[in-house]
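Only one structure is covered here, and it is reproduced in the block below.
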Amino acid sequence: MVRAGRLTLFVGPMFAGKSAHLIAAALPHVSSLALKPAFDKRDGAELVSRDGTHLPARSVGEWPDDAAGFAHIVLDEAQFMVAPHYEGDIVNQLLAARQKGAIVTVGGLDTDYRRVPFEVMTRLADAADEIIHLQARCHVCGCGARWTAKIHETGHVLETGDQELYEARCDEHWTLPVSE
Ligand SMILES: [Zn+2]
């Protein structure tokens, strides 16, 4: 009998605690493979949450050959798993892993700082068994924030950064970045 795979998605803006949920999801599994995009140079070979938990992770630019040997696969920052930073179709690869029985837990930004959806995340959402929408705190008013805002325009949509470049914002306080 084939094990039943599952795809769970944690989506939301930056600073919403996605990594903490991914790390917690990995804890019950003895055999867990944690992946992050090679493009994302923050935090080295770990997933790190803003409340201090961490999990060893592989930075990858393509699907690992040994992924089939793991019962649980975690992927953070899935929106960065696109060409030219990633070779292959990460969505098809994750769905194939689920098909073979893997429990797959993915985190990522549903939209960029312009509120344009990331295609990878939209496709994963269409296929997911469960989607958990997380909110951050609006940097301006402290209300629930579902958007990521960029503080100043750099001309790059795919760009890693922290609080020097991005803020979480609510519906009322989200704005496009000021051009320099
Ligand atoms: Zn606000």
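Residues in the structure tokens are numbered from 1 in each chain, the chains being A, B, ... in the order shown, and ligands are numbered from 1 in the order shown.
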Notebook entry, point to check: Using only C-alpha atoms, which residues sit within 6 Å of A:Ala136 once same-chain residues fewer than 6 positions away are excluded, as a list in words?
Noted result: Phe15, Ala16, Gly144 and Ala145 of chain A
Store the residues picked out above, limited to N, CA and C atoms, as a compact mmCIF listing (two decimals), in the first residue's frame.
# COMPACT_ATOMS: atom_id res chain seq x y z
N PHE A 15 8.07 38.51 7.85
CA PHE A 15 7.92 38.77 9.29
C PHE A 15 6.64 38.16 9.87
N ALA A 16 6.08 37.14 9.17
CA ALA A 16 4.84 36.52 9.65
C ALA A 16 5.09 35.22 10.41
N GLY A 144 -3.00 43.48 11.95
CA GLY A 144 -2.63 42.34 11.13
C GLY A 144 -2.23 42.79 9.74
N ALA A 145 -1.07 42.29 9.29
CA ALA A 145 -0.52 42.73 8.00
C ALA A 145 -0.41 41.54 7.06
Run DSSP on the backbone and grab whatever in stretch 43-168 of chain A lands in helix (DSSP H, G or I); send it over as a short mmCIF file (atom, residue, chain, number, x, y, z; two decimals) with all heavy atoms, in the first residue's frame.
data_model
loop_
_atom_site.label_atom_id
_atom_site.label_comp_id
_atom_site.auth_asym_id
_atom_site.auth_seq_id
_atom_site.Cartn_x
_atom_site.Cartn_y
_atom_site.Cartn_z
N ALA A 67 16.35 12.94 -2.34
CA ALA A 67 15.13 13.43 -1.68
C ALA A 67 14.11 12.31 -1.44
O ALA A 67 13.36 12.35 -0.46
CB ALA A 67 14.49 14.55 -2.51
N ALA A 68 14.10 11.31 -2.33
CA ALA A 68 13.12 10.23 -2.20
C ALA A 68 13.32 9.42 -0.92
O ALA A 68 12.42 8.70 -0.49
CB ALA A 68 13.19 9.32 -3.42
N GLY A 69 14.49 9.55 -0.30
CA GLY A 69 14.75 8.80 0.92
C GLY A 69 14.19 9.42 2.18
O GLY A 69 14.35 8.88 3.27
N ALA A 78 9.95 29.40 -0.96
CA ALA A 78 9.73 28.69 -2.24
C ALA A 78 9.62 29.65 -3.42
O ALA A 78 9.89 29.26 -4.57
CB ALA A 78 8.46 27.84 -2.14
N GLN A 79 9.25 30.90 -3.16
CA GLN A 79 9.09 31.84 -4.28
C GLN A 79 10.41 32.11 -5.01
O GLN A 79 10.40 32.59 -6.14
CB GLN A 79 8.48 33.17 -3.77
CG GLN A 79 9.41 34.08 -3.01
CD GLN A 79 9.61 33.69 -1.55
OE1 GLN A 79 8.93 32.80 -1.04
NE2 GLN A 79 10.53 34.36 -0.86
N PHE A 80 11.54 31.79 -4.37
CA PHE A 80 12.84 32.02 -5.00
C PHE A 80 13.30 30.83 -5.85
O PHE A 80 14.36 30.89 -6.47
CB PHE A 80 13.92 32.28 -3.94
CG PHE A 80 13.79 33.62 -3.25
CD1 PHE A 80 14.01 33.71 -1.88
CD2 PHE A 80 13.47 34.76 -3.94
CE1 PHE A 80 13.91 34.93 -1.22
CE2 PHE A 80 13.36 35.99 -3.30
CZ PHE A 80 13.58 36.07 -1.93
N ILE A 90 10.15 23.32 -9.60
CA ILE A 90 10.03 22.94 -8.19
C ILE A 90 8.61 22.48 -7.86
O ILE A 90 8.43 21.58 -7.03
CB ILE A 90 10.46 24.12 -7.28
CG1 ILE A 90 10.52 23.67 -5.81
CG2 ILE A 90 9.54 25.31 -7.41
CD1 ILE A 90 11.54 22.61 -5.51
N VAL A 91 7.61 23.04 -8.51
CA VAL A 91 6.22 22.64 -8.21
C VAL A 91 6.01 21.19 -8.60
O VAL A 91 5.52 20.37 -7.80
CB VAL A 91 5.22 23.57 -8.91
CG1 VAL A 91 3.79 23.08 -8.66
CG2 VAL A 91 5.39 25.00 -8.44
N ASN A 92 6.39 20.83 -9.82
CA ASN A 92 6.22 19.44 -10.26
C ASN A 92 7.03 18.49 -9.39
O ASN A 92 6.58 17.38 -9.09
CB ASN A 92 6.65 19.29 -11.72
CG ASN A 92 5.63 19.90 -12.67
OD1 ASN A 92 4.50 20.19 -12.29
ND2 ASN A 92 6.04 20.13 -13.91
N GLN A 93 8.21 18.92 -8.96
CA GLN A 93 9.05 18.06 -8.13
C GLN A 93 8.43 17.82 -6.76
O GLN A 93 8.44 16.71 -6.24
CB GLN A 93 10.44 18.68 -8.01
CG GLN A 93 11.20 18.61 -9.33
CD GLN A 93 12.38 19.57 -9.42
OE1 GLN A 93 12.39 20.61 -8.77
NE2 GLN A 93 13.36 19.23 -10.25
N LEU A 94 7.86 18.87 -6.17
CA LEU A 94 7.22 18.72 -4.86
C LEU A 94 5.96 17.85 -4.98
O LEU A 94 5.68 17.02 -4.11
CB LEU A 94 6.85 20.09 -4.30
CG LEU A 94 8.04 20.96 -3.87
CD1 LEU A 94 7.57 22.39 -3.60
CD2 LEU A 94 8.72 20.40 -2.63
N LEU A 95 5.21 18.03 -6.05
CA LEU A 95 3.99 17.24 -6.23
C LEU A 95 4.34 15.78 -6.50
O LEU A 95 3.63 14.87 -6.04
CB LEU A 95 3.14 17.82 -7.36
CG LEU A 95 2.60 19.23 -7.12
CD1 LEU A 95 1.69 19.67 -8.26
CD2 LEU A 95 1.87 19.33 -5.77
N ALA A 96 5.44 15.54 -7.22
CA ALA A 96 5.88 14.16 -7.44
C ALA A 96 6.28 13.51 -6.12
O ALA A 96 6.00 12.33 -5.88
CB ALA A 96 7.03 14.13 -8.44
N ALA A 97 6.93 14.28 -5.25
CA ALA A 97 7.32 13.74 -3.94
C ALA A 97 6.07 13.39 -3.13
O ALA A 97 6.02 12.33 -2.48
CB ALA A 97 8.17 14.77 -3.19
N ARG A 98 5.08 14.25 -3.17
CA ARG A 98 3.82 13.94 -2.46
C ARG A 98 3.18 12.68 -3.04
O ARG A 98 2.69 11.82 -2.31
CB ARG A 98 2.84 15.11 -2.57
CG ARG A 98 1.50 14.81 -1.94
CD ARG A 98 0.53 15.96 -2.03
NE ARG A 98 0.12 16.25 -3.41
CZ ARG A 98 -0.84 17.13 -3.73
NH1 ARG A 98 -1.43 17.83 -2.78
NH2 ARG A 98 -1.15 17.34 -4.99
N GLN A 99 3.21 12.58 -4.35
CA GLN A 99 2.62 11.42 -5.03
C GLN A 99 3.24 10.12 -4.54
O GLN A 99 2.58 9.09 -4.42
CB GLN A 99 2.84 11.57 -6.54
CG GLN A 99 2.29 10.44 -7.40
CD GLN A 99 0.78 10.51 -7.52
OE1 GLN A 99 0.18 11.58 -7.42
NE2 GLN A 99 0.16 9.36 -7.71
N GLU A 119 4.28 33.17 -9.05
CA GLU A 119 3.63 32.08 -9.78
C GLU A 119 3.83 30.73 -9.08
O GLU A 119 2.92 29.90 -9.02
CB GLU A 119 4.15 32.02 -11.22
CG GLU A 119 3.36 31.03 -12.07
CD GLU A 119 4.09 30.60 -13.34
OE1 GLU A 119 5.15 31.16 -13.65
OE2 GLU A 119 3.59 29.68 -14.00
N VAL A 120 5.03 30.49 -8.57
CA VAL A 120 5.29 29.22 -7.89
C VAL A 120 4.30 29.02 -6.75
O VAL A 120 3.74 27.93 -6.57
CB VAL A 120 6.74 29.20 -7.34
CG1 VAL A 120 6.91 28.12 -6.28
CG2 VAL A 120 7.73 28.98 -8.47
N MET A 121 4.05 30.08 -6.00
CA MET A 121 3.16 29.96 -4.85
C MET A 121 1.71 29.78 -5.27
O MET A 121 0.95 29.05 -4.64
CB MET A 121 3.32 31.17 -3.95
CG MET A 121 4.73 31.36 -3.39
SD MET A 121 5.33 29.91 -2.48
CE MET A 121 4.22 29.95 -1.06
N THR A 122 1.33 30.43 -6.36
CA THR A 122 -0.04 30.27 -6.86
C THR A 122 -0.28 28.83 -7.31
O THR A 122 -1.32 28.23 -7.01
CB THR A 122 -0.27 31.23 -8.04
OG1 THR A 122 0.02 32.55 -7.61
CG2 THR A 122 -1.70 31.16 -8.54
N ARG A 123 0.69 28.27 -8.01
CA ARG A 123 0.55 26.88 -8.47
C ARG A 123 0.53 25.91 -7.29
O ARG A 123 -0.23 24.94 -7.29
CB ARG A 123 1.70 26.53 -9.42
CG ARG A 123 1.60 27.25 -10.77
CD ARG A 123 2.84 26.99 -11.62
NE ARG A 123 3.03 25.57 -11.89
CZ ARG A 123 4.21 25.01 -12.12
NH1 ARG A 123 5.31 25.73 -12.11
NH2 ARG A 123 4.30 23.71 -12.35
N LEU A 124 1.37 26.15 -6.29
CA LEU A 124 1.36 25.28 -5.11
C LEU A 124 0.03 25.40 -4.36
O LEU A 124 -0.51 24.40 -3.87
CB LEU A 124 2.53 25.63 -4.18
CG LEU A 124 3.91 25.19 -4.66
CD1 LEU A 124 4.99 25.77 -3.77
CD2 LEU A 124 4.01 23.66 -4.70
N ALA A 125 -0.50 26.61 -4.29
CA ALA A 125 -1.77 26.81 -3.59
C ALA A 125 -2.89 26.04 -4.29
O ALA A 125 -3.77 25.47 -3.64
CB ALA A 125 -2.10 28.30 -3.52
N ASP A 126 -2.85 26.01 -5.61
CA ASP A 126 -3.87 25.27 -6.36
C ASP A 126 -3.83 23.78 -6.03
O ASP A 126 -4.86 23.11 -6.11
CB ASP A 126 -3.65 25.46 -7.88
CG ASP A 126 -4.07 26.83 -8.35
OD1 ASP A 126 -4.79 27.52 -7.60
OD2 ASP A 126 -3.67 27.22 -9.47
N ALA A 127 -2.65 23.27 -5.70
CA ALA A 127 -2.48 21.83 -5.51
C ALA A 127 -2.43 21.41 -4.04
O ALA A 127 -2.45 20.21 -3.75
CB ALA A 127 -1.18 21.37 -6.19
#
* To do: Please identify the residues whose atoms come within 12 Å of ligand 1, using only C-alpha atoms and all ligand atoms, and report them as a ChimeraX atom specification.
  => /A:135-149,167-175
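Among A:Ala71, A:Ala20, A:Val178, A:Ala57, the residue with the shortest atom-to-atom distance to A:Gly107, counting only C-alpha atoms, is A:Ala20.
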Min atom-atom distance to A:Thr105 from the set A:Leu176, A:Val74, A:Ile23, A:Ile131, counting only C-alpha atoms, belongs to A:Val74
